[in-house]
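With compact mmCIF, C-alpha atoms inside, this is work13.txt:
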# COMPACT_ATOMS: atom_id res chain seq x y z
CA MET Z 226 10.87 68.09 16.88
CA ASP Z 227 7.09 68.09 16.37
CA THR Z 228 6.14 64.59 15.19
CA LYS Z 229 3.51 66.05 12.85
CA GLU Z 230 6.33 67.58 10.80
CA LEU Z 231 8.45 64.41 10.54
CA ARG Z 232 9.35 62.89 7.17
CA ILE Z 233 10.44 59.27 7.63
CA LEU Z 234 11.97 56.91 5.07
CA PHE Z 235 12.20 53.16 5.74
CA VAL Z 236 14.68 51.20 3.60
CA VAL Z 237 14.09 47.49 4.17
CA ASP Z 238 15.49 44.32 2.56
CA ALA Z 239 12.88 41.88 3.89
CA ILE Z 240 10.15 41.11 1.35
CA LYS Z 241 6.82 42.72 2.22
CA GLY Z 242 4.53 40.32 4.07
CA ARG Z 243 6.81 37.27 3.66
CA ASN Z 244 8.35 37.16 7.14
CA GLY Z 245 8.19 38.86 10.52
CA VAL Z 246 10.61 41.69 9.73
CA GLY Z 247 8.93 42.41 6.40
CA ALA Z 248 5.49 42.54 8.01
CA TYR Z 249 6.79 44.64 10.92
CA PHE Z 250 7.79 47.62 8.78
CA GLN Z 251 4.76 47.27 6.54
CA ASP Z 252 2.49 47.60 9.57
CA LEU Z 253 4.56 50.32 11.26
CA ALA Z 254 4.56 52.51 8.16
CA SER Z 255 0.80 52.07 7.87
CA HIS Z 256 0.25 53.32 11.43
CA LEU Z 257 2.74 56.20 11.20
CA LYS Z 258 0.96 57.71 8.20
CA ASP Z 259 -1.60 59.10 10.64
CA GLN Z 260 1.07 60.47 13.00
CA VAL Z 261 3.71 62.21 10.84
CA ALA Z 262 3.93 64.46 7.79
CA GLN Z 263 5.22 61.81 5.37
CA VAL Z 264 6.21 58.13 5.45
CA GLU Z 265 7.82 56.24 2.60
CA LEU Z 266 8.58 52.52 2.66
CA VAL Z 267 11.16 51.19 0.22
CA GLN Z 268 10.76 47.42 0.43
CA PRO Z 269 10.77 44.58 -2.10
CA CYS Z 270 7.35 43.19 -2.94
CA MET Z 271 6.55 40.05 -4.94
CA GLN Z 272 3.15 41.21 -6.22
CA ASP Z 273 3.65 44.97 -6.64
CA PRO Z 274 7.36 45.78 -7.16
CA HIS Z 275 8.61 49.04 -5.67
CA PRO Z 276 10.10 51.54 -8.20
CA CYS Z 277 13.44 51.27 -6.34
CA GLN Z 278 13.38 47.47 -6.53
CA GLY Z 279 15.81 45.91 -9.00
CA ALA Z 280 16.56 42.36 -10.07
CA SER Z 281 16.79 39.44 -7.66
CA ILE Z 282 18.40 36.05 -7.22
CA PRO Z 283 17.17 33.02 -5.21
CA ILE Z 284 18.59 32.69 -1.72
CA PRO Z 285 20.69 29.49 -1.54
CA GLY Z 286 18.87 26.77 0.38
CA ASP Z 287 15.51 28.56 0.36
CA PRO Z 288 13.79 28.83 -3.03
CA THR Z 289 10.80 30.57 -1.40
CA GLN Z 290 12.94 33.65 -0.66
CA ARG Z 291 14.84 35.98 -2.98
CA LEU Z 292 17.64 38.48 -2.53
CA PHE Z 293 16.69 41.77 -4.19
CA PHE Z 294 19.06 44.47 -5.39
CA PRO Z 295 18.03 48.13 -5.12
CA LYS Z 296 18.16 50.64 -7.95
CA VAL Z 297 20.65 53.05 -6.44
CA ARG Z 298 19.86 55.95 -8.78
CA GLU Z 299 16.11 55.69 -8.14
CA LEU Z 300 16.60 55.43 -4.37
CA SER Z 301 18.92 58.43 -4.37
CA ALA Z 302 16.37 60.43 -6.36
CA LEU Z 303 13.64 59.50 -3.87
CA VAL Z 304 15.77 60.68 -0.95
CA TRP Z 305 16.63 63.93 -2.77
CA GLU Z 306 12.99 64.66 -3.50
CA MET Z 307 11.62 63.61 -0.11
CA LYS Z 308 14.39 65.07 2.10
CA PRO Z 309 13.60 62.77 5.05
CA ASP Z 310 14.37 63.82 8.62
CA VAL Z 311 15.32 60.23 9.49
CA ILE Z 312 16.19 57.12 7.48
CA VAL Z 313 15.32 53.86 9.24
CA ILE Z 314 17.07 50.63 8.28
CA PRO Z 315 17.07 47.12 9.74
CA GLY Z 316 20.28 45.09 10.12
CA PRO Z 317 22.65 43.90 7.37
CA GLY Z 318 21.23 43.86 3.87
CA ILE Z 319 21.95 45.40 0.48
CA PHE Z 320 18.96 47.79 0.59
CA SER Z 321 19.82 48.78 4.16
CA MET Z 322 23.49 49.45 3.51
CA ILE Z 323 22.77 51.50 0.39
CA GLY Z 324 20.21 53.48 2.41
CA TYR Z 325 22.80 53.94 5.16
CA TRP Z 326 25.41 55.17 2.68
CA ILE Z 327 22.99 57.70 1.16
CA ALA Z 328 22.08 58.97 4.63
CA LYS Z 329 25.72 59.44 5.63
CA LYS Z 330 26.52 61.10 2.30
CA TRP Z 331 23.77 63.70 2.74
CA GLY Z 332 23.92 64.13 6.51
CA ILE Z 333 20.59 62.50 7.39
CA PRO Z 334 20.20 60.94 10.88
CA VAL Z 335 19.93 57.14 10.83
CA CYS Z 336 17.92 54.82 13.07
CA VAL Z 337 19.05 51.17 12.88
CA THR Z 338 16.78 48.41 14.15
CA PHE Z 339 18.05 45.22 15.78
CA GLN Z 340 15.45 42.46 15.39
CA THR Z 341 17.38 39.28 14.59
CA ASP Z 342 19.97 37.20 16.46
CA TYR Z 343 22.17 36.51 13.46
CA ASN Z 344 24.71 34.41 15.37
CA ARG Z 345 22.13 31.83 16.39
CA LEU Z 346 20.60 31.74 12.92
CA VAL Z 347 23.85 31.08 11.08
CA GLU Z 348 24.68 28.28 13.51
CA LEU Z 349 21.40 26.57 12.64
CA TYR Z 350 22.00 26.76 8.89
CA TRP Z 351 25.77 26.56 8.41
CA GLY Z 352 27.21 24.71 11.40
CA LYS Z 353 29.69 26.07 13.94
CA ARG Z 354 32.75 26.36 11.70
CA LEU Z 355 31.12 28.29 8.86
CA ALA Z 356 28.91 30.13 11.36
CA ARG Z 357 31.98 31.72 12.95
CA LEU Z 358 33.00 33.15 9.59
CA ALA Z 359 29.50 34.26 8.54
CA GLY Z 360 28.65 35.51 12.03
CA GLY Z 361 31.89 37.47 12.18
CA PHE Z 362 31.08 39.23 8.91
CA LEU Z 363 27.50 40.03 9.98
CA ASN Z 364 28.72 41.32 13.34
CA TRP Z 365 31.25 43.53 11.57
CA VAL Z 366 28.52 45.00 9.36
CA ASN Z 367 26.26 45.47 12.39
CA ARG Z 368 29.00 47.30 14.27
CA THR Z 369 29.54 49.58 11.27
CA LEU Z 370 25.83 50.41 11.11
CA PHE Z 371 25.45 50.83 14.88
CA GLN Z 372 28.51 53.04 15.31
CA GLY Z 373 27.48 55.29 12.43
CA SER Z 374 23.82 55.65 13.37
CA GLU Z 375 22.21 58.15 15.71
CA THR Z 376 20.05 55.61 17.54
CA ALA Z 377 19.10 51.94 17.53
CA ALA Z 378 15.69 50.39 18.16
CA THR Z 379 15.23 46.88 19.56
CA ILE Z 380 12.09 44.83 20.17
CA CYS Z 381 13.04 43.04 23.41
CA GLU Z 382 15.09 43.85 26.52
CA SER Z 383 17.73 41.16 25.94
CA MET Z 384 18.73 42.71 22.61
CA ILE Z 385 19.45 46.14 24.11
CA ALA Z 386 22.61 44.85 25.79
CA GLN Z 387 23.65 43.12 22.55
CA ALA Z 388 23.16 46.32 20.57
CA ARG Z 389 25.06 48.40 23.13
CA GLY Z 390 27.88 45.85 23.11
CA ALA Z 391 28.08 46.17 19.32
CA GLY Z 392 28.56 49.92 19.58
CA ALA Z 393 24.99 51.20 19.26
CA ARG Z 394 24.42 54.69 20.58
CA ASN Z 395 21.25 55.41 22.48
CA PRO Z 396 19.52 52.00 22.05
CA GLN Z 397 15.76 52.20 22.59
CA LEU Z 398 13.12 49.55 23.32
CA VAL Z 399 10.10 49.72 21.00
CA GLY Z 400 6.95 47.64 20.77
CA THR Z 401 5.50 45.73 17.83
CA PRO Z 402 2.56 47.11 15.83
CA LEU Z 403 -0.31 45.03 14.46
CA ALA Z 404 -1.85 45.03 11.00
CA ARG Z 405 -5.29 46.62 11.00
CA GLU Z 406 -6.93 43.32 9.96
CA PHE Z 407 -6.04 41.76 13.32
CA VAL Z 408 -7.30 44.74 15.31
CA HIS Z 409 -10.46 45.87 13.52
CA THR Z 410 -11.98 42.61 12.23
CA PRO Z 411 -14.77 41.62 14.68
CA VAL Z 412 -13.57 38.92 17.07
CA VAL Z 413 -15.07 35.42 16.91
CA GLU Z 414 -15.83 34.10 20.39
CA LEU Z 415 -13.45 31.40 21.65
CA ASP Z 416 -14.95 27.90 21.75
CA ASN Z 417 -15.34 26.17 25.12
CA THR Z 418 -13.32 23.18 23.91
CA VAL Z 419 -9.97 22.89 22.17
CA GLN Z 420 -10.54 21.30 18.77
CA ARG Z 421 -8.14 23.00 16.34
CA VAL Z 422 -4.49 24.04 16.76
CA CYS Z 423 -2.50 26.08 14.22
CA TYR Z 424 0.98 27.24 13.27
CA VAL Z 425 1.61 30.37 11.16
CA GLY Z 426 5.07 31.37 9.96
CA ARG Z 427 8.10 30.45 7.91
CA LEU Z 428 8.79 26.75 7.46
CA ALA Z 429 12.43 26.99 8.46
CA ALA Z 430 14.89 25.40 10.88
CA GLU Z 431 14.70 28.16 13.51
CA LYS Z 432 10.93 27.73 13.79
CA ASN Z 433 11.25 24.10 15.00
CA ILE Z 434 8.28 23.06 12.87
CA GLU Z 435 9.16 19.40 13.49
CA SER Z 436 7.86 19.66 17.06
CA PHE Z 437 4.50 20.90 15.75
CA LEU Z 438 4.30 17.96 13.33
CA ALA Z 439 5.15 15.60 16.19
CA LEU Z 440 2.39 17.12 18.31
CA ALA Z 441 -0.14 16.52 15.53
CA SER Z 442 0.90 12.86 15.31
CA ARG Z 443 0.41 12.41 19.07
CA ARG Z 444 -2.99 14.09 19.13
CA PRO Z 445 -5.15 12.42 16.43
CA ASP Z 446 -8.23 13.67 18.31
CA LEU Z 447 -7.42 17.26 17.29
CA GLN Z 448 -7.17 19.06 13.94
CA PHE Z 449 -3.95 20.91 13.08
CA GLU Z 450 -3.47 23.64 10.46
CA ILE Z 451 -0.28 25.16 9.02
CA ALA Z 452 0.10 28.40 7.06
CA GLY Z 453 3.43 29.52 5.67
CA ASP Z 454 6.24 28.75 3.27
CA GLY Z 455 9.93 28.04 3.45
CA PRO Z 456 12.71 25.50 2.87
CA LEU Z 457 10.96 22.83 5.00
CA ARG Z 458 7.78 22.92 2.92
CA GLY Z 459 8.46 19.45 1.53
CA LYS Z 460 8.68 17.97 5.02
CA VAL Z 461 5.38 19.60 5.96
CA GLU Z 462 3.63 18.39 2.81
CA LYS Z 463 4.91 14.87 3.40
CA ALA Z 464 3.57 14.89 6.98
CA CYS Z 465 0.20 16.18 5.77
CA GLY Z 466 0.00 13.27 3.33
CA GLU Z 467 0.58 10.82 6.17
CA GLN Z 468 -1.58 12.41 8.90
CA GLY Z 469 -5.27 12.93 8.29
CA ASN Z 470 -5.58 15.55 11.02
CA LEU Z 471 -2.89 17.83 9.55
CA HIS Z 472 -3.77 20.47 6.91
CA PHE Z 473 -1.37 22.71 4.98
CA HIS Z 474 -2.50 26.00 3.39
CA GLY Z 475 0.81 27.39 2.06
CA TRP Z 476 1.50 31.10 2.21
CA CYS Z 477 -1.63 33.07 3.21
CA THR Z 478 -2.77 36.68 3.03
CA ARG Z 479 -3.51 38.65 6.18
CA GLU Z 480 -7.24 38.10 5.71
CA GLN Z 481 -6.71 34.34 5.36
CA VAL Z 482 -4.57 34.25 8.52
CA VAL Z 483 -7.29 36.07 10.45
CA SER Z 484 -9.86 33.50 9.26
CA MET Z 485 -7.61 30.61 10.26
CA LEU Z 486 -6.93 32.01 13.71
CA ASP Z 487 -10.64 32.63 14.24
CA ARG Z 488 -11.57 29.00 13.49
CA CYS Z 489 -8.79 27.62 15.72
CA GLN Z 490 -8.53 27.84 19.47
CA VAL Z 491 -4.75 27.58 19.94
CA LEU Z 492 -1.72 28.95 18.10
CA VAL Z 493 1.66 27.33 18.71
CA LEU Z 494 4.95 29.18 18.22
CA PRO Z 495 7.57 26.43 18.74
CA SER Z 496 10.63 28.46 17.68
CA SER Z 497 14.15 27.72 18.90
CA VAL Z 498 15.23 31.22 17.78
CA GLU Z 499 12.65 34.04 17.84
CA ALA Z 500 13.54 37.68 18.57
CA PHE Z 501 9.89 38.51 19.23
CA GLY Z 502 7.19 36.45 17.52
CA THR Z 503 4.70 38.79 15.86
CA VAL Z 504 2.30 35.99 14.96
CA ALA Z 505 1.82 35.31 18.68
CA LEU Z 506 0.78 38.93 19.14
CA GLU Z 507 -1.58 38.64 16.18
CA ALA Z 508 -3.22 35.54 17.68
CA MET Z 509 -3.57 37.32 21.01
CA ALA Z 510 -5.31 40.20 19.23
CA ARG Z 511 -7.79 37.67 17.83
CA GLU Z 512 -8.46 36.53 21.42
CA ARG Z 513 -6.85 33.13 20.94
CA LEU Z 514 -4.77 30.93 23.24
CA VAL Z 515 -1.05 31.05 22.45
CA ILE Z 516 1.74 28.62 23.35
CA THR Z 517 5.33 29.89 23.09
CA THR Z 518 8.76 28.42 23.83
CA PRO Z 519 11.17 30.11 26.29
CA ALA Z 520 13.19 31.29 23.26
CA CYS Z 521 10.50 33.75 22.11
CA GLY Z 522 11.24 37.41 22.78
CA ILE Z 523 7.55 38.22 23.28
CA ASN Z 524 7.84 36.53 26.68
CA GLU Z 525 10.07 39.40 27.86
CA TRP Z 526 7.15 41.83 27.82
CA PRO Z 527 5.42 41.20 31.21
CA ALA Z 528 1.97 42.40 30.12
CA LEU Z 529 2.06 40.10 27.08
CA ALA Z 530 3.55 37.16 28.99
CA ASN Z 531 0.48 37.15 31.24
CA GLY Z 532 -1.62 36.30 28.16
CA LEU Z 533 0.64 33.43 26.99
CA TRP Z 534 1.17 29.80 27.83
CA ILE Z 535 4.97 29.68 28.00
CA MET Z 536 6.48 26.20 27.89
CA ASP Z 537 8.51 25.24 30.94
CA GLU Z 538 12.15 24.28 30.41
CA GLY Z 539 12.22 20.64 29.30
CA GLU Z 540 8.45 20.53 28.79
CA SER Z 541 7.12 19.11 25.52
CA LEU Z 542 4.43 20.71 23.38
CA PHE Z 543 2.23 17.71 24.18
CA ASP Z 544 2.49 18.43 27.92
CA THR Z 545 1.96 22.19 27.51
CA LEU Z 546 -1.16 21.66 25.42
CA ASP Z 547 -2.40 19.13 27.99
CA ARG Z 548 -1.80 21.70 30.75
CA LEU Z 549 -3.78 24.28 28.78
CA GLN Z 550 -6.66 21.89 28.15
CA SER Z 551 -6.87 20.89 31.81
CA LEU Z 552 -8.09 24.37 32.75
CA SER Z 553 -11.76 25.26 32.75
CA PRO Z 554 -13.35 26.97 29.73
CA VAL Z 555 -13.98 30.04 31.89
CA THR Z 556 -10.29 30.28 32.82
CA ARG Z 557 -9.19 29.88 29.19
CA SER Z 558 -11.68 32.50 28.05
CA LEU Z 559 -10.49 34.99 30.68
CA LYS Z 560 -6.88 34.39 29.63
CA ALA Z 561 -7.77 34.95 25.97
CA GLY Z 562 -9.59 38.18 26.82
CA GLN Z 563 -6.58 39.44 28.78
CA ALA Z 564 -4.37 38.52 25.84
CA ARG Z 565 -6.40 40.62 23.40
CA GLN Z 566 -6.34 43.67 25.66
CA ALA Z 567 -2.58 43.32 26.14
CA ALA Z 568 -2.04 43.00 22.38
CA LEU Z 569 -4.13 46.09 21.61
CA SER Z 570 -2.27 48.04 24.29
CA MET Z 571 1.07 46.95 22.79
CA ASN Z 572 -0.09 48.12 19.36
CA ASP Z 573 -0.96 51.59 20.68
CA HIS Z 574 2.23 51.89 22.71
CA ALA Z 575 4.39 50.72 19.80
CA VAL Z 576 3.24 53.60 17.59
CA THR Z 577 3.73 56.11 20.43
CA GLN Z 578 7.20 54.74 21.22
CA TRP Z 579 8.27 54.84 17.59
CA THR Z 580 7.14 58.43 17.04
CA ALA Z 581 9.08 59.51 20.14
CA VAL Z 582 12.23 57.65 19.04
CA LEU Z 583 12.06 59.06 15.51
CA ALA Z 584 11.38 62.62 16.70
CA HIS Z 585 14.40 62.44 19.01
CA CYS Z 586 16.59 60.89 16.32
CA ALA Z 587 15.69 63.72 13.91
CA THR Z 588 17.17 66.27 16.33
CA LEU Z 589 20.55 64.54 16.58
CA ALA Z 590 23.52 65.62 14.52
CA PRO Z 591 24.72 62.87 12.15
CA ASN Z 592 27.61 60.82 13.48
CA PRO Z 593 30.90 61.94 11.89
CA ASN Z 594 32.08 58.32 11.75
CA PRO Z 595 32.82 57.15 8.20
CA ALA Z 596 30.08 55.41 6.28
CA LEU Z 597 30.57 51.99 4.79
CA PRO Z 598 34.20 51.06 4.03
CA SER Z 599 34.90 51.90 0.40
CA PRO Z 600 35.49 48.28 -0.78
CA THR Z 601 32.12 47.23 0.66
CA LEU Z 602 30.35 50.20 -0.89
CA ALA Z 603 32.02 49.58 -4.23
CA LEU Z 604 30.82 45.98 -4.19
CA LEU Z 605 27.25 46.98 -3.28
CA ARG Z 606 27.07 49.59 -6.01
CA ARG Z 607 28.51 47.14 -8.52
CA LEU Z 608 25.92 44.50 -7.58
CA SER Z 609 23.17 47.08 -7.98
CA SER Z 610 24.46 48.48 -11.26
CA SER Z 611 22.42 48.38 -14.42
CA TYR Z 612 24.58 45.90 -16.25
CA ILE Z 613 24.37 43.36 -13.41
CA ARG Z 614 20.57 43.77 -13.33
CA ASN Z 615 20.43 43.20 -17.07
CA ALA Z 616 22.62 40.13 -16.81
CA LEU Z 617 20.32 38.65 -14.22

Entire entry expressed as structure tokens:
Amino acid sequence: MDTKELRILFVVDAIKGRNGVGAYFQDLASHLKDQVAQVELVQPCMQDPHPCQGASIPIPGDPTQRLFFPKVRELSALVWEMKPDVIVIPGPGIFSMIGYWIAKKWGIPVCVTFQTDYNRLVELYWGKRLARLAGGFLNWVNRTLFQGSETAATICESMIAQARGAGARNPQLVGTPLAREFVHTPVVELDNTVQRVCYVGRLAAEKNIESFLALASRRPDLQFEIAGDGPLRGKVEKACGEQGNLHFHGWCTREQVVSMLDRCQVLVLPSSVEAFGTVALEAMARERLVITTPACGINEWPALANGLWIMDEGESLFDTLDRLQSLSPVTRSLKAGQARQAALSMNDHAVTQWTAVLAHCATLAPNPNPALPSPTLALLRRLSSSYIRNAL
């Protein structure tokens, strides 16, 4: 199918701009508007609520995040009016599953994305016993979505095998797009010395923010900055009160993140679970030095890995930063320049890859497998009903 004729609908649970998945689809939809006939993004937003966005409740254990319920009638009306060629949904979520059900009901091809290792996340938050129960449920929902979709898109090689094992048909590897602010804002030249180090992202267990705080305490000669929000905000604020070289900015806009990256020389992504690590790509696009752990999926892209400082197994952040600083300013500058070019290339390829995947998906006949099991669908529709929204 000609990509210029495509009509694409994204139905996403992640709040716009509040985490990696939310930012991913926000940026992708922005780029695709120049490539296809129509793009619509149904996604909760804190500042400018979407017409299909209903009431919400706080997520237990993380007051900075909320679980939103979709307005099923409004979403159905949007699909009826738009008549999309493909509906794209991420993994388990109320918005996603309602979008999936509508697609199956009206015979619209579905593309499911696989961007999160749910098993590792639930182990971090709930412990092994509860994680088995929660992980089993999430895997069941994933299998339902994968088996009923026409294709699946993943953001790193290691997740293709996982998706195929869960029943995904035709899994495809796609790149990660960048917000225009990181690409088009003029680059600030990298300093010859390392003076400021930053972290940008959610303040949550999987991000291993404690190791960044420990690094700041061991390097009083450097300044450290943190941007983000999450359940560990209190721990970060406490550390900032005790360490004069540590500065916390809270949640920041894209423009503020660009400014912070430009005044720092190094970004650290210390995650213990990270399917990709978009912020690392953003820092590379700003021509900055980036340290990642072996757990980050961005390392699996060879062209990008050449622009990163990947921690060795068993190596501490202190030692990795020391290894980076031991190199000459010329070497660091060359590495940063290579990183920017690799990031810009990834951005271009990501849009090309996505248009090809969506065009192919649009030509596939919808899977005759049943949609969501009726008890699950009944529960979702009940949660999204008008009287529940009013009660909340």

What's around His409 in chain Z at 10 Å? Count all atoms listed in the file, leave out sequence neighbours fewer than 5 positions away in its own chain, and write the answer as a list in words.
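That gives Ala404, Ala510 and Arg511 of chain Z.
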
Find the distance between CA of Asp446 in chain Z and CA of Ile535 in chain Z and write it in Å to one decimal.
22.9 Å

Can you tell me, as a PDB file with C-alpha atoms, keeping the file's coordinate frame, what residues are no more than 9 Å from Leu457 in chain Z when counting only C-alpha atoms, ignoring any on the same chain fewer than 3 positions away?
ATOM      1  CA  ASP Z 287      15.510  28.560   0.360  1.00  0.00           C
ATOM      2  CA  ARG Z 427       8.100  30.450   7.910  1.00  0.00           C
ATOM      3  CA  LEU Z 428       8.790  26.750   7.460  1.00  0.00           C
ATOM      4  CA  ALA Z 429      12.430  26.990   8.460  1.00  0.00           C
ATOM      5  CA  ALA Z 430      14.890  25.400  10.880  1.00  0.00           C
ATOM      6  CA  ILE Z 434       8.280  23.060  12.870  1.00  0.00           C
ATOM      7  CA  ASP Z 454       6.240  28.750   3.270  1.00  0.00           C
ATOM      8  CA  LYS Z 460       8.680  17.970   5.020  1.00  0.00           C
ATOM      9  CA  VAL Z 461       5.380  19.600   5.960  1.00  0.00           C
ATOM     10  CA  GLU Z 462       3.630  18.390   2.810  1.00  0.00           C
TER      11      GLU Z 462
END

Counting all atoms listed in the file, what is within 10 Å of Met509 in chain Z, bar same-chain residues fewer than 2 positions away, as a list of chain:residue names?
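In the requested format, the answer is Z:Phe407, Z:Leu486, Z:Val491, Z:Leu492, Z:Thr503, Z:Val504, Z:Ala505, Z:Leu506, Z:Glu507, Z:Arg511, Z:Glu512, Z:Arg513, Z:Leu514, Z:Val515, Z:Leu529, Z:Gly532, Z:Leu533, Z:Lys560, Z:Ala561, Z:Gly562, Z:Gln563, Z:Ala564, Z:Arg565, Z:Gln566, Z:Ala567, Z:Ala568, Z:Leu569.
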
CA of Val264 in chain Z to CA of Leu234 in chain Z, distance in Å rounded to a single decimal
5.9 Å

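Nearest residue to Arg548 in chain Z, choosing from Z:Val419, Z:Pro402, Z:Ile451, Z:Pro283 and counting only C-alpha atoms: Z:Val419.
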
Take CA of Trp326 in chain Z and CA of Trp365 in chain Z and report the distance between them in Å, one decimal.
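That distance, rounded to one decimal, is 15.8 Å.
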
Top pick for closest residue to Val313 in chain Z, considering Z:Thr376, Z:Phe235, Z:Pro276, Z:Met485 and counting all atoms listed in the file
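Looking only at the distances to Val313 in chain Z, the closest residue turns out to be Z:Phe235.
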